[in-house]
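Chemist: Input file: protein-v6.txt. Contents: compact mmCIF, C-alpha atoms.
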# COMPACT_ATOMS: atom_id res chain seq x y z
CA MET A 1208 117.74 111.84 105.37
CA ARG A 1209 119.66 110.91 102.24
CA GLU A 1210 117.83 109.23 99.40
CA HIS A 1211 119.45 106.50 97.35
CA LEU A 1212 118.25 105.33 93.99
CA LEU A 1213 119.37 102.31 92.04
CA PRO A 1214 118.35 103.19 88.46
CA VAL A 1215 116.74 100.22 86.77
CA ARG A 1216 117.11 99.37 83.12
CA PRO A 1217 114.77 96.96 81.31
CA ALA A 1218 115.86 93.49 82.35
CA PRO A 1219 114.43 89.97 82.48
CA CYS A 1220 114.55 89.89 86.28
CA PRO A 1221 113.11 92.15 89.02
CA ARG A 1222 115.32 94.36 91.14
CA VAL A 1223 115.09 93.56 94.81
CA ILE A 1224 116.32 94.67 98.21
CA VAL A 1225 117.90 92.01 100.40
CA TYR A 1226 118.03 92.34 104.20
CA GLY A 1227 120.44 90.25 106.30
CA ASP A 1228 121.30 86.59 105.75
CA PRO A 1229 118.96 83.65 105.02
CA PRO A 1230 117.88 81.87 108.20
CA GLY A 1231 120.22 79.00 108.95
CA SER A 1232 122.51 79.82 106.06
CA GLU A 1233 126.25 80.06 106.64
CA ASP A 1234 127.01 81.06 103.04
CA THR A 1235 126.41 84.81 102.78
CA ASP A 1236 127.52 85.02 99.15
CA ASP A 1237 123.97 84.28 98.00
CA THR A 1238 122.67 87.68 99.10
CA VAL A 1239 123.75 91.28 98.87
CA PRO A 1240 122.87 93.54 101.81
CA VAL A 1241 121.42 96.91 100.82
CA SER A 1242 120.63 99.74 103.24
CA SER A 1243 117.05 99.64 104.51
CA THR A 1244 116.85 103.38 103.75
CA ALA A 1245 117.53 102.80 100.08
CA SER A 1246 114.80 103.09 97.49
CA ILE A 1247 114.49 101.32 94.17
CA ASP A 1248 113.25 103.03 91.02
CA THR A 1249 110.86 100.47 89.54
CA ARG A 1250 109.58 102.50 86.59
CA ASN A 1251 110.97 100.03 84.06
CA VAL A 1252 110.28 96.88 86.05
CA GLU A 1253 107.49 94.59 84.93
CA SER A 1254 104.70 93.99 87.46
CA ARG A 1255 106.39 91.28 89.50
CA ARG A 1256 106.39 90.87 93.25
CA ILE A 1257 109.36 92.41 95.10
CA PRO A 1258 110.45 90.41 98.15
CA SER A 1259 109.66 92.10 101.44
CA PRO A 1260 112.13 92.41 104.35
CA GLY A 1261 112.87 88.93 105.64
CA GLU A 1262 112.70 87.30 102.20
CA TYR A 1263 115.85 86.45 100.29
CA VAL A 1264 117.13 86.49 96.78
CA PRO A 1265 117.93 83.28 94.88
CA ARG A 1266 121.60 82.78 94.11
CA GLU A 1267 121.34 83.99 90.49
CA PHE A 1268 119.84 87.36 91.48
CA GLY A 1269 122.27 88.37 94.25
CA PRO A 1270 125.34 89.10 92.11
CA GLN A 1271 123.21 91.10 89.64
CA VAL A 1272 121.87 93.36 92.39
CA GLY A 1273 125.38 93.76 93.79
CA ARG A 1274 126.79 94.83 90.44
CA LEU A 1275 123.90 97.26 89.95
CA ALA A 1276 124.38 98.79 93.39
CA SER A 1277 128.12 99.24 92.99
CA ARG A 1278 127.90 100.74 89.49
CA ASP A 1279 124.78 102.89 89.29
CA THR A 1280 123.97 104.22 92.77
CA ARG A 1281 122.51 107.72 92.80
CA SER A 1282 122.06 109.80 95.93
CA LYS A 1283 120.72 113.19 96.98
CA PRO A 1284 119.42 114.96 100.08
CA SER A 1285 115.65 114.62 100.47
CA TYR A 1286 115.11 118.34 99.88
CA ALA A 1287 117.11 118.44 96.61
CA ASP A 1288 115.85 117.63 93.09
CA CYS A 1289 119.08 116.55 91.44
CA TRP A 1290 120.71 113.13 91.71
CA ALA A 1291 124.48 112.70 92.06
CA LEU A 1292 126.12 109.61 90.57
CA GLU A 1293 129.20 107.97 91.98
CA GLU A 1294 132.48 108.86 90.32
CA THR A 1295 133.21 106.67 87.30
CA GLU A 1296 135.36 103.71 88.28
CA GLY A 1297 138.85 103.95 86.84
CA SER A 1298 138.64 107.68 86.26
CA GLU A 1299 142.03 109.43 86.23
CA THR A 1300 141.92 112.80 88.00
CA VAL A 1301 143.60 115.54 85.96
CA ALA A 1302 142.41 118.62 87.90
CA SER A 1303 140.61 119.44 91.13
CA TYR A 1304 139.47 122.59 92.89
CA THR A 1305 136.90 123.90 95.36
CA THR A 1306 134.31 126.65 94.96
CA ASP A 1307 132.14 128.30 97.61
CA ARG A 1308 129.38 125.75 96.95
CA CYS A 1309 131.04 122.47 95.97
CA SER A 1310 134.22 120.51 95.44
CA VAL A 1311 135.12 119.47 91.89
CA ARG A 1312 137.30 116.78 90.36
CA ILE A 1313 137.82 116.53 86.60
CA GLY A 1314 138.92 113.18 85.28
CA ASN A 1315 139.50 111.19 82.13
CA CYS A 1316 137.26 108.11 82.13
CA PRO A 1317 138.06 104.70 80.61
CA ASP A 1318 135.31 105.23 77.99
CA GLY A 1319 137.15 108.28 76.61
CA GLU A 1320 134.82 110.88 78.16
CA THR A 1321 135.96 113.73 80.38
CA GLU A 1322 133.90 113.87 83.58
CA TYR A 1323 133.12 116.85 85.79
CA TYR A 1324 132.55 115.23 89.19
CA ALA A 1325 130.93 117.68 91.62
CA VAL A 1326 130.04 117.19 95.27
CA PRO A 1327 127.85 120.09 96.50
CA LYS A 1328 128.36 120.94 100.16
CA GLU A 1329 124.87 119.84 101.16
CA TYR A 1330 125.37 116.44 99.51
CA ALA A 1331 128.14 115.75 102.01
CA TYR A 1332 126.07 116.65 105.10
CA ASP A 1333 125.46 113.92 107.64
CA ASP A 1334 121.97 112.85 108.74
CA ARG A 1335 121.78 115.35 111.58
CA LEU A 1336 122.51 118.32 109.31
CA ASN A 1337 120.17 117.01 106.63
CA SER A 1338 117.40 116.62 109.21
CA LEU A 1339 118.03 120.18 110.36
CA MET A 1340 117.90 121.39 106.74
CA MET A 1341 114.60 119.60 106.15
CA ASP A 1342 113.03 121.32 109.16
CA LEU A 1343 114.51 124.69 108.18
CA ILE A 1344 113.13 124.49 104.65
CA GLY A 1345 109.76 123.29 105.92
CA GLU A 1346 109.52 126.19 108.39
CA LEU A 1347 110.51 128.68 105.66
CA ARG A 1348 107.63 127.46 103.51
CA VAL A 1349 105.14 127.57 106.39
CA ARG A 1350 106.08 131.14 107.27
CA HIS A 1351 105.89 132.30 103.68
CA ARG A 1352 102.45 130.77 103.18
CA GLY A 1353 101.28 132.43 106.37
CA SER A 1354 102.70 135.93 106.02
CA GLY A 1355 104.18 136.19 102.51
CA GLY A 1356 107.22 138.39 102.05
CA ARG A 1357 109.98 139.08 99.56
CA LEU A 1358 111.67 136.17 97.81
CA ASP A 1359 115.05 137.70 97.00
CA ARG A 1360 118.19 136.06 98.34
CA ASP A 1361 118.86 138.50 101.18
CA SER A 1362 115.27 138.33 102.49
CA VAL A 1363 115.06 134.53 102.39
CA MET A 1364 118.48 134.09 104.00
CA ALA A 1365 117.58 136.58 106.75
CA ARG A 1366 114.39 134.65 107.46
CA ALA A 1367 116.36 131.37 107.49
CA ARG A 1368 118.88 132.82 109.93
CA ASP A 1369 116.02 133.89 112.21
CA ILE A 1370 114.64 130.34 112.17
CA LEU A 1371 118.08 128.88 112.91
CA ASP A 1372 118.36 131.17 115.94
CA GLY A 1373 115.36 129.29 117.34
CA MET A 1374 117.10 125.98 116.61
CA SER A 1375 120.38 126.98 118.25
CA GLU A 1376 120.58 123.89 120.45
CA ARG A 1377 120.06 121.50 117.54
CA LEU A 1378 122.48 123.50 115.42
CA THR A 1379 125.16 123.32 118.11
CA ASP A 1380 124.74 119.54 118.39
CA SER A 1381 124.97 119.17 114.59
CA ILE A 1382 128.15 121.19 113.98
CA PRO A 1383 130.93 118.88 112.71
CA GLU A 1384 134.21 119.00 114.58
CA GLY A 1385 136.51 121.74 113.35
CA THR A 1386 133.73 123.69 111.59
CA ASP A 1387 133.21 127.37 112.27
CA PRO A 1388 129.60 127.84 113.53
CA GLU A 1389 129.16 131.16 111.71
CA ASP A 1390 130.37 129.72 108.39
CA LEU A 1391 128.06 126.71 108.77
CA THR A 1392 125.08 128.96 109.55
CA GLU A 1393 125.80 131.00 106.42
CA ASP A 1394 126.07 127.81 104.35
CA LEU A 1395 122.79 126.45 105.74
CA CYS A 1396 120.96 129.70 104.92
CA SER A 1397 122.43 129.66 101.41
CA VAL A 1398 121.37 126.03 100.90
CA ALA A 1399 117.87 126.84 102.16
CA TYR A 1400 117.52 129.63 99.60
CA ARG A 1401 118.98 127.49 96.83
CA HIS A 1402 116.49 124.66 97.32
CA THR A 1403 113.38 126.77 97.91
CA VAL A 1404 113.22 129.77 95.55
CA GLY A 1405 116.75 129.57 94.11
CA ALA A 1406 118.04 127.80 91.02
CA GLY A 1407 119.04 124.57 92.78
CA ILE A 1408 121.87 122.68 91.13
CA PHE A 1409 122.12 125.31 88.38
CA GLU A 1410 123.24 127.88 90.95
CA ILE A 1411 126.10 125.58 91.92
CA LEU A 1412 127.18 125.09 88.32
CA LEU A 1413 126.77 128.68 87.16
CA THR A 1414 128.79 130.08 90.06
CA ASP A 1415 131.77 127.90 89.08
CA PRO A 1416 134.12 130.36 87.35
CA HIS A 1417 135.46 127.61 85.06
CA ILE A 1418 132.05 126.75 83.55
CA GLU A 1419 130.92 128.61 80.42
CA ASP A 1420 127.88 126.60 79.30
CA VAL A 1421 125.38 124.23 80.89
CA TYR A 1422 123.26 121.82 78.82
CA VAL A 1423 120.40 119.51 79.76
CA ASP A 1424 118.98 117.25 77.05
CA ALA A 1425 115.50 115.77 77.21
CA PRO A 1426 114.34 113.69 78.93
CA CYS A 1427 116.28 115.25 81.80
CA GLU A 1428 115.88 112.32 84.19
CA GLU A 1429 117.64 109.99 81.73
CA ASN A 1430 120.53 112.26 80.69
CA ARG A 1431 123.42 113.72 82.59
CA ILE A 1432 123.96 117.45 82.71
CA TYR A 1433 126.79 118.55 80.40
CA VAL A 1434 129.05 121.58 80.85
CA THR A 1435 131.67 123.45 78.86
CA LEU A 1436 134.83 124.22 80.80
CA ASN A 1437 137.49 126.84 80.22
CA SER A 1438 140.78 127.86 81.81
CA VAL A 1439 141.22 124.82 84.06
CA ASP A 1440 144.82 124.15 85.10
CA GLY A 1441 145.97 120.65 84.26
CA LEU A 1442 143.85 120.19 81.13
CA LEU A 1443 145.64 119.93 77.78
CA ASN A 1444 142.60 121.40 76.04
CA SER A 1445 141.37 124.01 78.47
CA HIS A 1446 138.14 124.56 76.54
CA LEU A 1447 136.11 121.38 76.33
CA ARG A 1448 132.65 119.93 76.78
CA CYS A 1449 132.30 117.19 79.36
CA ARG A 1450 129.64 115.27 81.22
CA THR A 1451 128.89 115.70 84.88
CA ASN A 1452 127.85 113.21 87.55
CA LEU A 1453 124.54 115.09 87.96
CA ILE A 1454 121.06 114.13 86.71
CA ALA A 1455 118.26 116.67 87.23
CA ASP A 1456 114.73 115.62 88.10
CA ARG A 1457 111.82 117.12 86.17
CA ARG A 1458 111.02 119.23 89.23
CA GLU A 1459 114.47 120.84 89.03
CA ILE A 1460 113.93 121.80 85.38
CA SER A 1461 110.39 123.00 86.12
CA ASN A 1462 111.72 125.18 88.94
CA LEU A 1463 114.31 126.71 86.60
CA VAL A 1464 111.65 127.43 83.97
CA ASN A 1465 109.44 129.10 86.59
CA ILE A 1466 112.33 131.36 87.64
CA LEU A 1467 113.01 132.37 84.02
CA LYS A 1468 109.31 133.03 83.35
CA ARG A 1469 108.94 135.06 86.54
CA GLU A 1470 111.96 137.24 85.84
CA SER A 1471 111.31 137.76 82.12
CA GLY A 1472 107.51 137.92 82.03
CA LEU A 1473 107.59 135.76 78.87
CA ARG A 1474 105.21 132.94 78.00
CA PHE A 1475 106.31 129.33 77.82
CA CYS A 1476 103.63 126.83 76.77
CA HIS A 1477 102.66 124.50 73.92
CA SER A 1478 101.86 127.45 71.67
CA SER A 1479 105.14 129.21 72.63
CA PRO A 1480 107.55 126.32 73.20
CA VAL A 1481 110.79 128.33 73.08
CA LEU A 1482 111.86 130.56 75.97
CA GLU A 1483 114.93 132.74 75.43
CA THR A 1484 115.80 135.22 78.14
CA ASP A 1485 118.56 136.65 80.27
CA PHE A 1486 119.47 135.02 83.56
CA PRO A 1487 120.67 138.17 85.33
CA ASP A 1488 121.56 136.51 88.65
CA PHE A 1489 124.40 134.70 86.89
CA ASP A 1490 125.11 137.08 83.98
CA ALA A 1491 123.96 134.38 81.57
CA ARG A 1492 121.59 133.75 78.70
CA ALA A 1493 119.15 130.83 78.93
CA THR A 1494 117.21 128.98 76.24
CA VAL A 1495 114.53 126.40 77.04
CA VAL A 1496 112.80 124.33 74.35
CA GLY A 1497 109.63 122.50 75.35
CA TYR A 1498 106.86 120.36 73.86
CA PRO A 1499 106.04 119.96 70.98
CA MET A 1500 109.44 121.08 69.64
CA SER A 1501 111.08 118.85 72.26
CA PRO A 1502 108.69 115.86 72.54
CA ASN A 1503 110.59 114.16 75.39
CA GLY A 1504 110.47 117.11 77.77
CA ASP A 1505 112.18 120.46 78.31
CA ALA A 1506 115.73 120.89 77.02
CA VAL A 1507 117.88 123.64 78.51
CA ALA A 1508 120.98 125.52 77.34
CA ILE A 1509 122.57 128.23 79.50
CA ARG A 1510 125.52 130.31 78.36
CA LYS A 1511 127.45 132.56 80.73
CA ARG A 1512 128.75 135.80 79.33
CA SER A 1513 132.52 136.05 79.35
CA SER A 1514 133.96 138.65 81.72
CA ARG A 1515 136.76 139.21 79.20
CA PRO A 1516 136.09 139.94 75.51
CA TRP A 1517 137.24 137.34 73.02
CA THR A 1518 140.02 138.42 70.63
CA LEU A 1519 142.03 136.50 68.07
CA THR A 1520 145.03 136.73 70.37
CA ARG A 1521 143.04 135.13 73.18
CA LEU A 1522 141.73 132.42 70.85
CA ILE A 1523 145.33 131.64 69.83
CA ALA A 1524 146.41 131.42 73.48
CA ASN A 1525 143.41 129.19 74.19
CA GLY A 1526 144.32 126.80 71.39
CA THR A 1527 141.08 127.43 69.49
CA VAL A 1528 142.80 128.74 66.33
CA SER A 1529 146.37 128.62 65.10
CA PRO A 1530 148.40 131.82 64.52
CA ARG A 1531 148.25 131.15 60.78
CA ASP A 1532 144.45 130.81 60.78
CA ALA A 1533 144.09 133.95 62.89
CA GLY A 1534 146.28 135.90 60.45
CA LEU A 1535 144.22 134.65 57.51
CA LEU A 1536 140.96 135.71 59.18
CA SER A 1537 142.36 139.16 59.95
CA PHE A 1538 143.52 139.48 56.32
CA LEU A 1539 140.05 138.58 55.04
CA ILE A 1540 138.44 141.17 57.32
CA ASP A 1541 140.84 143.85 56.08
CA ASN A 1542 139.83 143.02 52.50
CA ARG A 1543 136.09 143.13 53.27
CA CYS A 1544 135.45 139.50 52.35
CA THR A 1545 132.04 137.94 53.01
CA MET A 1546 132.10 135.24 55.70
CA LEU A 1547 129.70 132.63 57.01
CA ILE A 1548 130.36 131.34 60.53
CA CYS A 1549 128.48 128.16 61.42
CA GLY A 1550 128.82 125.21 63.76
CA ALA A 1551 127.16 123.03 66.35
CA ARG A 1552 125.85 124.23 69.69
CA GLY A 1553 128.74 125.34 71.88
CA ALA A 1554 131.24 125.23 69.01
CA GLY A 1555 132.29 128.87 69.57
CA LYS A 1556 130.46 130.72 66.80
CA SER A 1557 129.65 133.80 68.90
CA SER A 1558 133.14 133.83 70.44
CA LEU A 1559 134.79 133.79 67.01
CA LEU A 1560 132.47 136.47 65.65
CA SER A 1561 133.13 138.66 68.70
CA ALA A 1562 136.87 138.28 68.12
CA LEU A 1563 136.53 139.20 64.44
CA LEU A 1564 134.65 142.38 65.31
CA PHE A 1565 137.81 143.69 66.96
CA GLU A 1566 139.59 143.38 63.57
CA PHE A 1567 137.26 145.89 61.91
CA PRO A 1568 138.82 149.32 61.28
CA ARG A 1569 137.55 151.83 63.83
CA GLU A 1570 136.27 154.19 61.13
CA GLN A 1571 133.82 151.56 59.88
CA ARG A 1572 130.33 151.29 61.30
CA ILE A 1573 129.19 147.86 62.57
CA LEU A 1574 125.53 146.94 62.22
CA THR A 1575 124.28 143.79 64.00
CA VAL A 1576 120.90 142.04 63.75
CA GLN A 1577 120.49 139.58 66.62
CA ASP A 1578 117.59 137.40 67.62
CA THR A 1579 119.32 136.92 70.97
CA GLN A 1580 121.75 139.60 72.11
CA GLU A 1581 125.11 137.90 72.53
CA LEU A 1582 127.69 140.27 71.00
Would you mind writing the file out in structure tokens?

Modeler:
Amino acid sequence: MREHLLPVRPAPCPRVIVYGDPPGSEDTDDTVPVSSTASIDTRNVESRRIPSPGEYVPREFGPQVGRLASRDTRSKPSYADCWALEETEGSETVASYTTDRCSVRIGNCPDGETEYYAVPKEYAYDDRLNSLMMDLIGELRVRHRGSGGRLDRDSVMARARDILDGMSERLTDSIPEGTDPEDLTEDLCSVAYRHTVGAGIFEILLTDPHIEDVYVDAPCEENRIYVTLNSVDGLLNSHLRCRTNLIADRREISNLVNILKRESGLRFCHSSPVLETDFPDFDARATVVGYPMSPNGDAVAIRKRSSRPWTLTRLIANGTVSPRDAGLLSFLIDNRCTMLICGARGAGKSSLLSALLFEFPREQRILTVQDTQEL
């Protein structure tokens, strides 16, 4: 029940699937076997005939397909709307940890990028568990269409647990060795909520305590999700922006937009192409920019609010500013100097301004004018 996609770039030759060896051929180097369950994304392929099972690739095409398959394979469960890429070859792991929803490795790649490689729990399920999840999600949808009901997390998970009770025999047969049945049931119910009315892959990212920001550039299906990390042991610069191995489908972004519209009651359309609202489930602030301001599709930026206030002392400890620069800023505040704080998205403008507010004398009144409440 796992989908595989070999992303295709414009090329002078078609991408093909090869099954088995050519009849009567002893040289198997001419062909590259690919799983019969794999699917090929042919959006950028010219209208040429793709060989059917039983046909074989000429010698010059086999190595190209093999290189494509080994380098650019994407995979995801059938019920998910976000693709996971393989870890970049040659990546040097500098930190790793596990959250309630996924395992994470952070590595330095040969191209100079830092990569956040995440494997959500459901992406590691075997075919039996994925088949069970497909039936569970399908039954959840059928029951909701028939009788309605609340769509909050507790209600959906309770309904999923009730359905799993009726699948107890299948669930018992699907439990991996050494896995606690109660923990697996809880995970399955959580996954069912996440991929029906929940935030999908964004729930996994936003519940990672090391992630501060999540960015998706348009078009989403051609760009990786980017995150900003903080306070990760093993990283020289513990506050940095890095790419992930995740690529969201348009349906995943559309689902996120629907959640934000439903919870905020705000419009998001061609005449109102900017949606800025709180994301209370994750104590975050979300901004979505759509057409025509973003011609290639919806672009998303989500910023989690820090549980600890930013101060100059914390910025020094984090390596964001030097002690000398922090002292200069404090001196300028004491002398009521005018300041302009500017920078690119995710540069730390709000964090620095929040830290400077703590330098104001307590007897002074602070007046803020904010389009989006962040301070």

Chemist: For Thr1527 of chain A, please output as an NGL selection string all residues within 12 Å (counting only C-alpha atoms; exclusion window: fewer than 6 positions along the same chain).

Modeler: :A and (1437 or 1444-1447 or 1517-1521 or 1533 or 1554-1556 or 1558-1559 or 1562)

Chemist: Which residue gives the smallest distance to Trp1290 of chain A among A:Leu1412, A:Ile1432, A:Leu1358, A:Met1364, with all atoms listed in the file counted?

Modeler: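 Between A:Leu1412, A:Ile1432, A:Leu1358, A:Met1364, the residue approaching Trp1290 of chain A most closely is A:Ile1432.
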
Chemist: Just to confirm, what's the straight-line distance from atom CA of His1402 of chain A to atom CA of Arg1312 of chain A in Å (one decimal)?

Modeler: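 We find that atom CA of His1402 of chain A and atom CA of Arg1312 of chain A lie 23.3 Å from each other.
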
Chemist: Select, from A:Asp1424, A:Asp1456, A:Asp1380, A:Asp1440, the residue with the minimum atom-to-atom distance to Arg1335 of chain A, counting all atoms listed in the file.

Modeler: A:Asp1380

Chemist: By how many Å are atom CA of Arg1308 of chain A and atom CA of Thr1321 of chain A apart?

Modeler: 21.5 Å

Chemist: Can you tell me which residues surround Thr1403 of chain A at a distance of at most 10 Å, considering all atoms listed in the file, apart from same-chain residues fewer than 2 positions away, and format the answer as a list in words?

Modeler: Tyr1286, Ala1287, Ile1344, Gly1345, Leu1347, Arg1348, Leu1358, Val1363, Val1398, Ala1399, Tyr1400, Arg1401, Gly1405, Ala1406, Gly1407 and Asn1462 of chain A

Chemist: Nearest to Pro1516 of chain A among A:Tyr1324, A:Phe1565, A:Tyr1433, A:Tyr1332, with distances taken over all atoms listed in the file: which residue is it?

Modeler: A:Phe1565

Chemist: Tell me which protein, DNA and RNA residues are within 12 Å of Ile1411 of chain A, counting only C-alpha atoms, leaving out same-chain ones fewer than 3 positions away, and put them as a ChimeraX atom specification.

Modeler: /A:1289,1305-1311,1325-1330,1397-1398,1401-1402,1405-1408,1414-1418,1421,1453,1489

Chemist: Just the selected residues (C-alpha atoms), exported as a short mmCIF file (atom, residue, chain, number, x, y, z; two decimals), keeping the file's coordinate frame, please.

Modeler:
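Generated file (part-v5.cif):
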data_model
loop_
_atom_site.label_atom_id
_atom_site.label_comp_id
_atom_site.auth_asym_id
_atom_site.auth_seq_id
_atom_site.Cartn_x
_atom_site.Cartn_y
_atom_site.Cartn_z
CA CYS A 1289 119.08 116.55 91.44
CA THR A 1305 136.90 123.90 95.36
CA THR A 1306 134.31 126.65 94.96
CA ASP A 1307 132.14 128.30 97.61
CA ARG A 1308 129.38 125.75 96.95
CA CYS A 1309 131.04 122.47 95.97
CA SER A 1310 134.22 120.51 95.44
CA VAL A 1311 135.12 119.47 91.89
CA ALA A 1325 130.93 117.68 91.62
CA VAL A 1326 130.04 117.19 95.27
CA PRO A 1327 127.85 120.09 96.50
CA LYS A 1328 128.36 120.94 100.16
CA GLU A 1329 124.87 119.84 101.16
CA TYR A 1330 125.37 116.44 99.51
CA SER A 1397 122.43 129.66 101.41
CA VAL A 1398 121.37 126.03 100.90
CA ARG A 1401 118.98 127.49 96.83
CA HIS A 1402 116.49 124.66 97.32
CA GLY A 1405 116.75 129.57 94.11
CA ALA A 1406 118.04 127.80 91.02
CA GLY A 1407 119.04 124.57 92.78
CA ILE A 1408 121.87 122.68 91.13
CA THR A 1414 128.79 130.08 90.06
CA ASP A 1415 131.77 127.90 89.08
CA PRO A 1416 134.12 130.36 87.35
CA HIS A 1417 135.46 127.61 85.06
CA ILE A 1418 132.05 126.75 83.55
CA VAL A 1421 125.38 124.23 80.89
CA LEU A 1453 124.54 115.09 87.96
CA PHE A 1489 124.40 134.70 86.89
#

Chemist: For Asp1488 of chain A, which residue out of A:Pro1383, A:Asp1532, A:Arg1543, A:Asp1359 is the nearest one, using only C-alpha atoms?

Modeler: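 Closest candidate: A:Asp1359.
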
Chemist: Show me the residues around (110.2, 118.6, 94.0) - criterion: an atom at most 7 Å away, all atoms listed in the file counted - as a list in words.

Modeler: Asp1288, Arg1458 and Glu1459 of chain A
